[in-house]
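Below is the file structure09.csv, which contains CSV, C-alpha atoms and all ligand atoms.
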chain,number,residue,atom,x,y,z
Z,1,MET,CA,-32.0,42.3,23.6
Z,2,LYS,CA,-31.4,44.0,26.9
Z,3,LYS,CA,-28.3,45.8,25.8
Z,4,ARG,CA,-29.8,46.9,22.6
Z,5,ILE,CA,-32.6,48.7,24.5
Z,6,PHE,CA,-30.1,50.1,26.9
Z,7,SER,CA,-28.1,51.5,24.0
Z,8,ALA,CA,-31.2,53.2,22.6
Z,9,LEU,CA,-32.1,54.5,26.0
Z,10,LEU,CA,-28.7,56.0,26.5
Z,11,SER,CA,-29.3,58.8,24.1
Z,12,VAL,CA,-32.8,59.3,25.4
Z,13,ALA,CA,-31.4,59.5,28.9
Z,14,MET,CA,-28.8,62.0,27.8
Z,15,VAL,CA,-31.4,64.2,26.1
Z,16,ALA,CA,-33.4,64.0,29.3
Z,17,SER,CA,-30.5,65.1,31.5
Z,18,LEU,CA,-29.8,67.9,29.1
Z,19,LEU,CA,-33.3,69.1,29.4
Z,20,VAL,CA,-33.1,68.9,33.1
Z,21,GLY,CA,-29.9,70.9,33.1
Z,22,CYS,CA,-31.4,73.6,30.9
Z,23,GLY,CA,-34.2,74.3,33.2
Z,24,SER,CA,-32.4,74.5,36.5
Z,25,SER,CA,-32.6,78.3,37.0
Z,26,THR,CA,-35.5,78.2,39.5
Z,27,THR,CA,-37.0,75.3,41.4
Z,28,THR,CA,-40.3,75.6,39.6
Z,29,THR,CA,-38.7,75.5,36.2
Z,30,THR,CA,-36.5,72.6,37.3
Z,31,THR,CA,-39.6,70.7,38.4
Z,32,GLU,CA,-41.5,71.5,35.2
Z,33,SER,CA,-38.5,70.6,33.1
Z,34,THR,CA,-38.0,67.4,35.0
Z,35,THR,CA,-41.6,66.4,34.5
Z,36,ALA,CA,-41.4,67.3,30.8
Z,37,ALA,CA,-38.2,65.4,30.5
Z,38,GLU,CA,-39.7,62.4,32.3
Z,39,ALA,CA,-42.7,62.4,30.0
Z,40,GLU,CA,-40.3,62.6,27.1
Z,41,THR,CA,-38.2,59.8,28.5
Z,42,ASP,CA,-41.3,57.6,29.0
Z,43,ALA,CA,-42.5,58.2,25.5
Z,44,ALA,CA,-39.0,57.6,24.1
Z,45,THR,CA,-38.6,54.6,26.3
Z,46,GLU,CA,-41.7,53.1,24.9
Z,47,ALA,CA,-40.8,53.9,21.4
Z,48,ALA,CA,-37.3,52.5,21.9
Z,49,THR,CA,-38.7,49.3,23.4
Z,50,GLU,CA,-41.2,48.9,20.7
Z,51,ALA,CA,-38.6,49.5,18.0
Z,52,ALA,CA,-36.3,47.0,19.6
Z,53,THR,CA,-39.1,44.4,19.9
Z,54,GLU,CA,-40.1,44.9,16.3
Z,55,ALA,CA,-36.5,44.6,15.1
Z,56,ALA,CA,-36.1,41.4,17.1
Z,57,GLU,CA,-39.3,40.0,15.6
Z,58,ALA,CA,-38.2,41.0,12.1
Z,59,VAL,CA,-34.9,39.2,12.4
Z,60,ALA,CA,-36.3,36.3,14.3
Z,61,THR,CA,-38.6,35.3,11.4
Z,62,GLY,CA,-36.0,32.8,9.9
Z,63,ASP,CA,-34.4,29.7,11.3
Z,64,TYR,CA,-30.7,30.4,11.6
Z,65,ALA,CA,-29.6,27.4,13.6
Z,66,ASP,CA,-27.8,25.8,10.7
Z,67,LYS,CA,-26.6,29.1,9.1
Z,68,LYS,CA,-22.8,29.6,9.1
Z,69,VAL,CA,-21.3,32.9,9.9
Z,70,GLY,CA,-17.6,33.6,9.2
Z,71,ILE,CA,-16.1,36.5,11.1
Z,72,CYS,CA,-12.6,38.0,10.9
Z,73,ILE,CA,-11.4,40.5,13.5
Z,74,TYR,CA,-8.3,42.5,12.5
Z,75,LYS,CA,-6.6,41.4,15.7
Z,76,PHE,CA,-7.8,39.9,18.9
Z,77,ASP,CA,-5.4,41.9,21.0
Z,78,ASP,CA,-7.5,45.1,20.8
Z,79,ASN,CA,-9.7,46.1,23.8
Z,80,PHE,CA,-12.4,47.8,21.7
Z,81,MET,CA,-12.7,45.0,19.1
Z,82,THR,CA,-12.8,42.4,22.0
Z,83,LEU,CA,-15.9,44.1,23.4
Z,84,PHE,CA,-17.3,44.3,19.8
Z,85,ARG,CA,-16.7,40.6,18.9
Z,86,THR,CA,-18.1,39.3,22.3
Z,87,GLU,CA,-21.3,41.3,21.8
Z,88,LEU,CA,-21.5,40.3,18.2
Z,89,VAL,CA,-21.4,36.6,18.9
Z,90,ASN,CA,-23.8,36.9,21.9
Z,91,TYR,CA,-26.3,38.8,19.8
Z,92,LEU,CA,-26.0,36.3,16.9
Z,93,VAL,CA,-26.7,33.5,19.4
Z,94,SER,CA,-29.7,35.4,20.8
Z,95,LEU,CA,-31.1,35.6,17.2
Z,96,GLY,CA,-31.0,31.8,16.9
Z,97,PHE,CA,-27.6,31.1,15.4
Z,98,THR,CA,-25.7,28.2,16.9
Z,99,GLU,CA,-22.4,29.0,18.5
Z,100,SER,CA,-20.6,26.2,16.8
Z,101,ASN,CA,-21.7,27.6,13.4
Z,102,ILE,CA,-20.1,31.0,14.2
Z,103,THR,CA,-16.4,31.0,13.4
Z,104,VAL,CA,-14.4,34.0,14.7
Z,105,MET,CA,-10.8,34.3,13.3
Z,106,ASP,CA,-7.9,36.4,14.7
Z,107,SER,CA,-6.4,38.0,11.6
Z,108,LYS,CA,-3.3,39.0,13.7
Z,109,ASN,CA,-3.0,42.4,12.1
Z,110,ASP,CA,-1.9,40.7,8.8
Z,111,GLN,CA,-4.0,41.2,5.7
Z,112,ALA,CA,-2.5,38.2,3.9
Z,113,GLU,CA,-3.5,36.0,6.9
Z,114,GLN,CA,-7.0,37.5,6.8
Z,115,THR,CA,-7.3,36.8,3.1
Z,116,ASN,CA,-6.4,33.2,3.7
Z,117,GLN,CA,-9.1,33.0,6.4
Z,118,ILE,CA,-11.6,34.5,4.0
Z,119,ASN,CA,-10.7,31.9,1.3
Z,120,ASN,CA,-11.2,29.2,3.9
Z,121,PHE,CA,-14.7,30.6,4.7
Z,122,ILE,CA,-15.5,30.4,1.0
Z,123,THR,CA,-14.3,26.8,0.8
Z,124,GLU,CA,-16.4,26.0,3.8
Z,125,GLY,CA,-19.4,27.6,2.2
Z,126,VAL,CA,-20.4,30.0,5.0
Z,127,ASP,CA,-23.7,31.8,4.4
Z,128,VAL,CA,-22.4,35.3,5.3
Z,129,MET,CA,-19.2,36.9,6.4
Z,130,ILE,CA,-18.6,39.8,8.8
Z,131,ILE,CA,-15.2,41.3,8.2
Z,132,ASN,CA,-13.1,43.8,10.2
Z,133,LEU,CA,-10.4,44.5,7.6
Z,134,VAL,CA,-6.8,44.7,8.5
Z,135,ASN,CA,-6.2,47.2,5.7
Z,136,SER,CA,-9.2,49.2,4.6
Z,137,SER,CA,-7.4,49.6,1.3
Z,138,ALA,CA,-7.8,45.9,0.7
Z,139,ALA,CA,-11.6,46.3,0.5
Z,140,ALA,CA,-11.9,46.2,-3.3
Z,141,THR,CA,-9.8,43.0,-3.7
Z,142,VAL,CA,-11.5,41.3,-0.7
Z,143,THR,CA,-15.0,42.3,-1.9
Z,144,ASP,CA,-14.4,40.9,-5.4
Z,145,THR,CA,-13.1,37.6,-4.0
Z,146,ILE,CA,-16.1,37.2,-1.7
Z,147,ASN,CA,-18.6,38.4,-4.2
Z,148,ALA,CA,-17.3,35.9,-6.9
Z,149,SER,CA,-18.4,33.1,-4.5
Z,150,GLY,CA,-21.9,34.6,-4.1
Z,151,ILE,CA,-21.4,35.1,-0.3
Z,152,PRO,CA,-22.6,38.4,1.1
Z,153,VAL,CA,-20.2,40.5,3.3
Z,154,VAL,CA,-20.8,42.9,6.1
Z,155,TYR,CA,-17.7,45.1,6.8
Z,156,ILE,CA,-17.3,46.5,10.3
Z,157,ASN,CA,-15.2,49.1,12.1
Z,158,ARG,CA,-12.6,49.9,9.4
Z,159,GLU,CA,-14.4,51.7,6.7
Z,160,PRO,CA,-13.5,51.2,3.0
Z,161,GLU,CA,-13.3,54.3,0.8
Z,162,VAL,CA,-16.5,55.9,-0.2
Z,163,ALA,CA,-15.8,55.1,-3.9
Z,164,GLU,CA,-15.5,51.4,-3.0
Z,165,GLU,CA,-18.8,51.5,-1.1
Z,166,GLU,CA,-20.5,53.2,-4.1
Z,167,ARG,CA,-19.2,50.5,-6.4
Z,168,TRP,CA,-21.1,47.9,-4.4
Z,169,ALA,CA,-24.3,49.8,-5.1
Z,170,THR,CA,-23.6,50.4,-8.8
Z,171,GLU,CA,-22.4,46.8,-9.4
Z,172,GLY,CA,-25.1,45.2,-7.3
Z,173,ILE,CA,-22.5,43.6,-5.0
Z,174,LYS,CA,-23.9,42.1,-1.8
Z,175,ALA,CA,-21.7,44.1,0.6
Z,176,THR,CA,-22.4,46.7,3.3
Z,177,TYR,CA,-20.5,48.7,5.9
Z,178,VAL,CA,-21.6,49.2,9.5
Z,179,GLY,CA,-19.7,51.7,11.6
Z,180,ALA,CA,-19.6,55.1,13.2
Z,181,ASP,CA,-18.6,58.5,11.6
Z,182,ALA,CA,-15.3,59.2,13.3
Z,183,ARG,CA,-15.6,62.9,12.5
Z,184,GLN,CA,-18.3,63.0,15.1
Z,185,SER,CA,-16.0,61.5,17.8
Z,186,GLY,CA,-13.2,64.0,17.0
Z,187,THR,CA,-15.7,66.9,17.1
Z,188,PHE,CA,-17.0,65.7,20.5
Z,189,GLN,CA,-13.5,65.6,22.0
Z,190,GLY,CA,-13.0,69.3,20.9
Z,191,GLU,CA,-16.5,70.3,22.1
Z,192,VAL,CA,-15.7,69.0,25.6
Z,193,LEU,CA,-12.8,71.5,25.8
Z,194,ILE,CA,-14.9,74.3,24.3
Z,195,ASP,CA,-17.5,73.7,27.0
Z,196,LEU,CA,-14.8,74.0,29.6
Z,197,GLY,CA,-13.8,77.4,28.2
Z,198,GLN,CA,-10.6,78.7,26.5
Z,199,ASP,CA,-9.5,80.5,29.7
Z,200,VAL,CA,-9.5,77.2,31.6
Z,201,VAL,CA,-7.9,75.0,28.8
Z,202,ASP,CA,-5.2,77.6,28.0
Z,203,ILE,CA,-3.6,76.8,31.3
Z,204,ASN,CA,-0.5,79.1,30.9
Z,205,GLY,CA,-2.6,81.9,29.5
Z,206,ASP,CA,-0.4,82.5,26.5
Z,207,GLY,CA,-3.4,82.8,24.1
Z,208,LYS,CA,-3.1,79.4,22.5
Z,209,VAL,CA,-3.9,75.9,23.5
Z,210,SER,CA,-0.8,73.6,23.1
Z,211,TYR,CA,-1.5,70.0,22.6
Z,212,ILE,CA,0.0,66.7,21.7
Z,213,MET,CA,-1.8,64.2,19.5
Z,214,ILE,CA,-1.6,60.4,20.0
Z,215,GLN,CA,-2.8,58.7,16.9
Z,216,GLY,CA,-4.1,55.2,16.1
Z,217,ASP,CA,-3.0,53.4,13.0
Z,218,PRO,CA,-3.1,56.2,10.4
Z,219,GLU,CA,-4.3,53.8,7.6
Z,220,ASN,CA,-7.5,53.7,9.5
Z,221,ILE,CA,-10.0,56.5,8.8
Z,222,ASP,CA,-11.0,56.6,12.4
Z,223,ALA,CA,-7.5,57.7,13.3
Z,224,GLN,CA,-7.3,60.3,10.5
Z,225,TYR,CA,-10.7,61.8,11.3
Z,226,ARG,CA,-10.3,61.9,15.0
Z,227,THR,CA,-6.9,63.6,14.7
Z,228,GLU,CA,-8.4,66.2,12.3
Z,229,TYR,CA,-11.8,66.9,13.8
Z,230,SER,CA,-10.8,67.2,17.4
Z,231,VAL,CA,-8.6,70.2,16.6
Z,232,LYS,CA,-10.9,71.5,13.9
Z,233,ALA,CA,-13.7,71.9,16.6
Z,234,LEU,CA,-11.3,74.2,18.4
Z,235,THR,CA,-10.2,76.3,15.4
Z,236,ASP,CA,-13.8,76.5,14.2
Z,237,ALA,CA,-14.6,78.1,17.6
Z,238,GLY,CA,-11.9,80.6,16.9
Z,239,TRP,CA,-9.3,79.1,19.3
Z,240,GLU,CA,-5.6,79.4,18.5
Z,241,VAL,CA,-3.9,76.0,18.8
Z,242,GLU,CA,-0.4,74.7,18.7
Z,243,LEU,CA,0.7,71.1,18.0
Z,244,LEU,CA,3.8,70.4,20.0
Z,245,GLY,CA,6.1,68.3,17.8
Z,246,ALA,CA,4.6,65.9,15.2
Z,247,VAL,CA,1.5,63.7,15.5
Z,248,GLN,CA,2.6,60.7,17.5
Z,249,ARG,CA,1.6,57.3,16.0
Z,250,ALA,CA,0.8,54.7,18.7
Z,251,ASP,CA,-1.3,52.3,16.7
Z,252,TRP,CA,-4.2,52.2,19.2
Z,253,ASP,CA,-1.9,50.6,21.7
Z,254,GLN,CA,-1.6,51.5,25.4
Z,255,ALA,CA,2.1,50.7,26.0
Z,256,THR,CA,3.2,52.5,22.8
Z,257,ALA,CA,1.1,55.6,23.8
Z,258,GLN,CA,2.6,55.6,27.3
Z,259,GLN,CA,6.1,55.7,25.8
Z,260,LYS,CA,5.2,58.5,23.3
Z,261,VAL,CA,3.6,60.6,26.0
Z,262,GLN,CA,6.5,60.0,28.3
Z,263,ASP,CA,8.9,61.2,25.6
Z,264,ALA,CA,6.7,64.3,24.8
Z,265,LEU,CA,6.6,65.1,28.5
Z,266,SER,CA,10.3,65.1,28.8
Z,267,GLN,CA,10.6,67.3,25.7
Z,268,TYR,CA,7.8,69.8,26.3
Z,269,GLY,CA,7.0,69.5,30.0
Z,270,GLU,CA,4.4,72.0,31.2
Z,271,GLN,CA,3.9,73.4,27.8
Z,272,ILE,CA,1.5,70.5,27.2
Z,273,GLU,CA,-2.0,71.6,28.0
Z,274,VAL,CA,-4.0,68.9,26.2
Z,275,VAL,CA,-3.4,65.3,25.4
Z,276,PHE,CA,-5.7,64.1,22.6
Z,277,CYS,CA,-5.8,60.3,22.1
Z,278,ASN,CA,-7.6,58.7,19.3
Z,279,ASN,CA,-8.8,55.9,21.6
Z,280,ASP,CA,-9.1,55.0,25.3
Z,281,ALA,CA,-6.4,52.3,25.3
Z,282,MET,CA,-3.9,55.0,24.3
Z,283,ALA,CA,-5.5,57.5,26.8
Z,284,LEU,CA,-4.9,54.9,29.5
Z,285,GLY,CA,-1.2,54.8,28.5
Z,286,ALA,CA,-1.1,58.6,28.4
Z,287,LYS,CA,-2.6,58.6,31.9
Z,288,GLN,CA,0.2,56.4,33.2
Z,289,ALA,CA,2.8,58.7,31.7
Z,290,LEU,CA,1.1,61.8,33.1
Z,291,ASP,CA,0.8,60.2,36.6
Z,292,ALA,CA,4.5,59.3,36.5
Z,293,ALA,CA,5.4,62.9,35.6
Z,294,GLY,CA,3.3,64.2,38.5
Z,295,ARG,CA,0.7,65.9,36.3
Z,296,THR,CA,-2.9,66.2,37.4
Z,297,VAL,CA,-5.7,65.9,34.9
Z,298,GLY,CA,-8.2,68.8,35.3
Z,299,GLU,CA,-5.6,71.0,37.0
Z,300,ASP,CA,-2.5,71.2,34.9
Z,301,VAL,CA,-3.5,69.1,31.8
Z,302,PHE,CA,-6.6,67.8,30.0
Z,303,LEU,CA,-6.8,64.2,28.6
Z,304,LEU,CA,-9.3,62.9,26.1
Z,305,GLY,CA,-10.0,59.5,24.6
Z,306,VAL,CA,-12.6,57.6,22.6
Z,307,ASP,CA,-14.4,54.3,23.1
Z,308,ALA,CA,-15.7,54.4,26.7
Z,309,LEU,CA,-13.8,51.4,28.0
Z,310,THR,CA,-14.8,50.6,31.6
Z,311,GLU,CA,-11.5,51.8,33.0
Z,312,ALA,CA,-11.7,55.1,31.0
Z,313,LEU,CA,-15.3,55.6,32.2
Z,314,GLU,CA,-14.2,55.1,35.8
Z,315,LEU,CA,-11.4,57.6,35.3
Z,316,VAL,CA,-13.7,60.2,33.7
Z,317,GLN,CA,-16.1,59.7,36.6
Z,318,SER,CA,-13.3,60.4,39.2
Z,319,GLY,CA,-11.8,63.2,37.2
Z,320,GLY,CA,-8.7,61.2,36.2
Z,321,MET,CA,-9.5,61.7,32.5
Z,322,THR,CA,-11.3,64.8,31.1
Z,323,ALA,CA,-13.6,62.9,28.8
Z,324,THR,CA,-14.2,60.0,26.4
Z,325,VAL,CA,-16.6,59.3,23.6
Z,326,PHE,CA,-18.8,56.2,23.7
Z,327,ASN,CA,-18.0,54.2,20.5
Z,328,ASP,CA,-21.2,52.2,20.5
Z,329,HIS,CA,-20.0,48.6,20.1
Z,330,ILE,CA,-23.4,47.3,21.1
Z,331,GLY,CA,-25.3,49.3,18.4
Z,332,GLN,CA,-22.7,48.6,15.8
Z,333,SER,CA,-22.4,44.8,16.5
Z,334,HIS,CA,-26.2,44.4,16.5
Z,335,GLN,CA,-26.6,46.4,13.3
Z,336,ALA,CA,-23.9,44.3,11.7
Z,337,ALA,CA,-25.7,41.1,12.7
Z,338,ASP,CA,-29.0,42.4,11.6
Z,339,ALA,CA,-27.5,43.3,8.2
Z,340,ALA,CA,-26.1,39.7,8.0
Z,341,VAL,CA,-29.5,38.3,8.7
Z,342,ALA,CA,-31.1,40.5,6.1
Z,343,PHE,CA,-28.6,39.2,3.5
Z,344,ILE,CA,-29.4,35.6,4.5
Z,345,ASN,CA,-33.2,36.4,4.2
Z,346,GLY,CA,-32.7,38.0,0.8
Z,347,GLU,CA,-34.0,41.3,2.2
Z,348,GLU,CA,-32.9,44.8,1.2
Z,349,VAL,CA,-29.6,45.9,2.8
Z,350,GLN,CA,-28.5,49.5,2.9
Z,351,ASN,CA,-25.1,50.5,1.4
Z,352,THR,CA,-23.8,51.7,4.8
Z,353,TYR,CA,-25.1,52.0,8.4
Z,354,VAL,CA,-23.9,54.7,10.8
Z,355,VAL,CA,-24.3,54.4,14.5
Z,356,ASP,CA,-23.9,57.6,16.7
Z,357,TYR,CA,-21.2,58.3,19.2
Z,358,VAL,CA,-22.1,59.7,22.7
Z,359,LYS,CA,-20.0,62.3,24.5
Z,360,VAL,CA,-19.0,61.2,28.0
Z,361,THR,CA,-17.9,63.7,30.7
Z,362,THR,CA,-18.0,63.6,34.5
Z,363,GLU,CA,-21.7,64.4,34.2
Z,364,ASN,CA,-22.9,61.2,32.6
Z,365,ALA,CA,-19.9,58.8,33.0
Z,366,ALA,CA,-21.6,56.9,35.9
Z,367,GLU,CA,-24.8,56.6,33.9
Z,368,VAL,CA,-23.0,55.3,30.8
Z,369,LEU,CA,-21.0,52.9,32.9
Z,370,SER,CA,-24.1,51.4,34.6
Z,371,SER,CA,-25.9,51.1,31.3
Z,372,LEU,CA,-23.1,49.0,29.9
Z,373,GLN,CA,-22.9,46.6,32.8
L,1,LIG,C1,-11.5,52.1,18.1
L,1,LIG,C2,-10.1,51.7,18.5
L,1,LIG,C3,-9.8,50.4,17.8
L,1,LIG,C4,-9.9,50.5,16.3
L,1,LIG,C5,-9.7,49.3,15.6
L,1,LIG,C6,-11.6,52.2,16.6
L,1,LIG,O1,-12.8,52.6,16.2
L,1,LIG,O2,-11.8,53.4,18.6
L,1,LIG,O3,-10.1,51.5,19.9
L,1,LIG,O4,-8.5,50.1,18.2
L,1,LIG,O5,-11.2,51.0,16.0
L,1,LIG,O6,-9.8,49.4,14.2
Could you render the structure from this file as C-alpha cells?
Ligand code: BGC
Amino acid sequence: MKKRIFSALLSVAMVASLLVGCGSSTTTTTTESTTAAEAETDAATEAATEAATEAAEAVATGDYADKKVGICIYKFDDNFMTLFRTELVNYLVSLGFTESNITVMDSKNDQAEQTNQINNFITEGVDVMIINLVNSSAAATVTDTINASGIPVVYINREPEVAEEERWATEGIKATYVGADARQSGTFQGEVLIDLGQDVVDINGDGKVSYIMIQGDPENIDAQYRTEYSVKALTDAGWEVELLGAVQRADWDQATAQQKVQDALSQYGEQIEVVFCNNDAMALGAKQALDAAGRTVGEDVFLLGVDALTEALELVQSGGMTATVFNDHIGQSHQAADAAVAFINGEEVQNTYVVDYVKVTTENAAEVLSSLQ
C-alpha cells in the first residue's frame, strides 16, 4: 500500500510546491502560502490515506489465494514495462493472491506468440487476464477469443481503439483498459519548453525552434500522441517550429535512439535545438549521442523524455536532461489489479481508467525520485 499512497501524495506535494512557489514575492506571503499549502497537504494527505485504506479494504473483501491470474507483457526487455510488471505482481500479492497462481508471460514482441499464451491461459482456466497487447490492432480478435471463454480481461499500457472499447460496453463484454492519456505527456513536454521561454529555447535566435523527434513504435498510440502533442503545445503557444528531417523511429529502444540521434547530429549539427524522445529509454540513448558530440543539455540543446526512469530522474536533477514526465506505473498497475479483482468479485468495472502523468523538471525531480524509492 505504501507506494499507492506515495503516488497519490505526489500530486498533492506538487500542488503544494506550486502554491509555495506562487507566494514567494515577500517573506510574509511565503510564510502564509506555506502554511496554507501545509494545511492543504495535511488535508489532502489524510484524504489520500483514507481513500487508499478504503480501496484496500474494498478489494480485500475476497479470498484470492486460489485465484489464477494470467498476465502477458508485450516484451520483458522494456525498462518501463519491467517496472510495471514488478509492481503489478507485488501489488497482487499484497491483495492476497498467491505468487504461484500469478503467471507472467514474455510475449517477445510477437502477437502470434502472445495469442498462443492467451489460449494456454484459457485452457488452464485462469480467473482473469491482464494483457499488454503486442499490437493494439489485435484487440478485437483477442477480446473475442477471451470473451468466448467467459474470462474477463484487463488491457494495460497499449490502448485499443476507442471504437473497440465502446464495443465492450455495447456488447456487454467483460473487458476494460487501464492506462494514461499520452496526449497529456506530449503536452507536458511542450509546456516545459514554453516555461523556459522561446528566447531561451530558440538557441540560435532564428525565430524558430528546430527539433528532432525520436519516436517509439508508431503502432502504439502513446508514440503517436506524444509525437503530435509535444509539438502542438509549442505551435498552440504561437511558436514557430521546424522538424529537421523525418520523425525517427527508434521503437522505445535506447541503442536504436542513440544511433538515430548520432546520425541526426552528423547531418544537422548545431541546428538541433531540441531533442524530443517519446520515452526515457530513448532519451538516455540520445543523451549518450549528445555527450559524444560534445553537446551540453541546458546550454546548447534541450532534451525531453517520458516515464521517469531512475536514471532519467537523476539526469533531470543534475541538469543532464531538461525534463521527463512521470508515467505512473504504480497507479496504473494498482488500478489494473483492482479492476481484475472487481471482475473476480462480479463488481462493476468501468470501460476505461485513466491515470494522470506528472511533469518532472529540476524543481521536483529529487522529490519524485525519493517518492519512488
Ligand atoms: C512507455 C514506454 C514503453 C511503452 C511500451 C509507454 O507508455 O512510455 O517506455 O516502452 O509504453 O508499450
Which residues come within 12 Å of Z:Lys67, counting all atoms listed in the file, excluding same-chain residues fewer than 6 positions away, as an NGL selection string?
:Z and (92-93 or 95-103 or 124-129 or 340-341 or 343-345)
So which residues are near ligand LIG 1 (chain L), meaning at most 8 Å away with only C-alpha atoms and all ligand atoms counted, given back as a PyMOL selection string?
chain Z and resi 74+78-81+132+134+157-158+180+182+216-217+220+222-223+251-253+278-281+306-307+327
Preceding selection exported with C-alpha atoms as an mmCIF file, in the frame of the given file:
data_model
loop_
_atom_site.group_PDB
_atom_site.id
_atom_site.type_symbol
_atom_site.label_atom_id
_atom_site.label_comp_id
_atom_site.auth_asym_id
_atom_site.auth_seq_id
_atom_site.Cartn_x
_atom_site.Cartn_y
_atom_site.Cartn_z
ATOM 1 C CA TYR Z 74 -8.300 42.500 12.500
ATOM 2 C CA ASP Z 78 -7.500 45.100 20.800
ATOM 3 C CA ASN Z 79 -9.700 46.100 23.800
ATOM 4 C CA PHE Z 80 -12.400 47.800 21.700
ATOM 5 C CA MET Z 81 -12.700 45.000 19.100
ATOM 6 C CA ASN Z 132 -13.100 43.800 10.200
ATOM 7 C CA VAL Z 134 -6.800 44.700 8.500
ATOM 8 C CA ASN Z 157 -15.200 49.100 12.100
ATOM 9 C CA ARG Z 158 -12.600 49.900 9.400
ATOM 10 C CA ALA Z 180 -19.600 55.100 13.200
ATOM 11 C CA ALA Z 182 -15.300 59.200 13.300
ATOM 12 C CA GLY Z 216 -4.100 55.200 16.100
ATOM 13 C CA ASP Z 217 -3.000 53.400 13.000
ATOM 14 C CA ASN Z 220 -7.500 53.700 9.500
ATOM 15 C CA ASP Z 222 -11.000 56.600 12.400
ATOM 16 C CA ALA Z 223 -7.500 57.700 13.300
ATOM 17 C CA ASP Z 251 -1.300 52.300 16.700
ATOM 18 C CA TRP Z 252 -4.200 52.200 19.200
ATOM 19 C CA ASP Z 253 -1.900 50.600 21.700
ATOM 20 C CA ASN Z 278 -7.600 58.700 19.300
ATOM 21 C CA ASN Z 279 -8.800 55.900 21.600
ATOM 22 C CA ASP Z 280 -9.100 55.000 25.300
ATOM 23 C CA ALA Z 281 -6.400 52.300 25.300
ATOM 24 C CA VAL Z 306 -12.600 57.600 22.600
ATOM 25 C CA ASP Z 307 -14.400 54.300 23.100
ATOM 26 C CA ASN Z 327 -18.000 54.200 20.500
#
Considering only C-alpha atoms, return as a PyMOL selection string whatever protein or nucleic-acid residues lie within 10 Å of Z:Lys208, sequence-local ones (same chain, fewer than 6 positions apart) excluded.
chain Z and resi 198-199+201-202+239-242+273
Do you have the atom CA of Z:Val154-atom CA of Z:Arg183 distance handy?
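We find that atom CA of Z:Val154 and atom CA of Z:Arg183 lie 21.6 Å from each other.
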Please report the interatomic distance between atom CA of Z:Ala289 and atom CA of Z:Leu265 in Å with one decimal.
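Interatomic distance here is 8.1 Å.
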Could you please give me, as an mmCIF file with C-alpha atoms, in the frame of the given file, the residues of protein, DNA or RNA lying at most 6 Å from (-16.3, 66.2, 31.8) in the coordinate frame of the file, considering all atoms listed in the file?
data_model
loop_
_atom_site.group_PDB
_atom_site.id
_atom_site.type_symbol
_atom_site.label_atom_id
_atom_site.label_comp_id
_atom_site.auth_asym_id
_atom_site.auth_seq_id
_atom_site.Cartn_x
_atom_site.Cartn_y
_atom_site.Cartn_z
ATOM 1 C CA THR Z 322 -11.300 64.800 31.100
ATOM 2 C CA ALA Z 323 -13.600 62.900 28.800
ATOM 3 C CA THR Z 361 -17.900 63.700 30.700
ATOM 4 C CA THR Z 362 -18.000 63.600 34.500
#
So what do you get for atom CA of Z:Gln117 versus atom CA of Z:Glu348, distance-wise?
27.1 Å
May I ask which of the residues Z:Gly186, Z:Ser149, Z:Gly238, Z:Glu87 is the closest one to Z:Gly207, counting only C-alpha atoms?
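Looking at the shortest contact to Z:Gly207, the residue is Z:Gly238.
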When you count all atoms listed in the file, which of these residues is closest to Z:Ile151: Z:Tyr177, Z:Trp168, Z:Phe121, Z:Tyr353?
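Closest to Z:Ile151 of all the choices is Z:Phe121.
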Would you list the contacts of Z:Ala292 as JSON, numbers by chain, taking every protein, DNA or RNA residue within 12 Å and counting only C-alpha atoms, but skipping same-chain residues closer than 5 positions in sequence?
{"Z": [258, 259, 261, 262, 263, 265, 266, 285, 286, 287]}
Which residues of stretch 66-106 of chain Z come within 9 Å of stretch 111-116 of chain Z, and for each one, what is the closest pair of atoms and their distance in Å to one decimal, counting only C-alpha atoms, sorted by chain and residue number, as a tab-separated table?
residue	atom	partner	partner_atom	distance
Z:Cys72	CA	Z:Gln114	CA	7.0
Z:Ile73	CA	Z:Gln114	CA	8.6
Z:Tyr74	CA	Z:Gln114	CA	7.7
Z:Met105	CA	Z:Gln114	CA	8.2
Z:Asp106	CA	Z:Gln114	CA	8.0
Residue neighbourhood Z:Val354, 7 Å, only C-alpha atoms, exclusion window fewer than 6 positions, as a compact mmCIF listing (two decimals) with C-alpha atoms, in the frame of the given file:
# COMPACT_ATOMS: atom_id res chain seq x y z
CA VAL Z 178 -21.60 49.20 9.50
CA GLY Z 179 -19.70 51.70 11.60
CA ALA Z 180 -19.60 55.10 13.20
CA ASP Z 181 -18.60 58.50 11.60
Which residue gives the smallest distance to Z:Asn204 among Z:Asp291, Z:Glu299, Z:Gly245, Z:Ile131, with only C-alpha atoms counted?
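Nearest candidate to Z:Asn204 out of Z:Asp291, Z:Glu299, Z:Gly245, Z:Ile131: Z:Glu299.
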Nearby residues (only C-alpha atoms) at most 10 Å from Z:Val231, same-chain spacing under 2 positions excluded, as a list in words
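Within the cut-off, the hits are Gly186, Thr187, Gln189, Gly190, Glu191, Tyr211, Met213, Arg226, Thr227, Glu228, Tyr229, Ala233, Leu234, Thr235, Asp236, Ala237, Trp239, Glu240, Val241, Glu242, Leu243 and Phe276 of chain Z.
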Output C-alpha atoms of each residue in that selection to a file, as a compact mmCIF listing (two decimals), in the frame of the given file.
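Saved as part_32.txt:
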# COMPACT_ATOMS: atom_id res chain seq x y z
CA GLY Z 186 -13.20 64.00 17.00
CA THR Z 187 -15.70 66.90 17.10
CA GLN Z 189 -13.50 65.60 22.00
CA GLY Z 190 -13.00 69.30 20.90
CA GLU Z 191 -16.50 70.30 22.10
CA TYR Z 211 -1.50 70.00 22.60
CA MET Z 213 -1.80 64.20 19.50
CA ARG Z 226 -10.30 61.90 15.00
CA THR Z 227 -6.90 63.60 14.70
CA GLU Z 228 -8.40 66.20 12.30
CA TYR Z 229 -11.80 66.90 13.80
CA ALA Z 233 -13.70 71.90 16.60
CA LEU Z 234 -11.30 74.20 18.40
CA THR Z 235 -10.20 76.30 15.40
CA ASP Z 236 -13.80 76.50 14.20
CA ALA Z 237 -14.60 78.10 17.60
CA TRP Z 239 -9.30 79.10 19.30
CA GLU Z 240 -5.60 79.40 18.50
CA VAL Z 241 -3.90 76.00 18.80
CA GLU Z 242 -0.40 74.70 18.70
CA LEU Z 243 0.70 71.10 18.00
CA PHE Z 276 -5.70 64.10 22.60
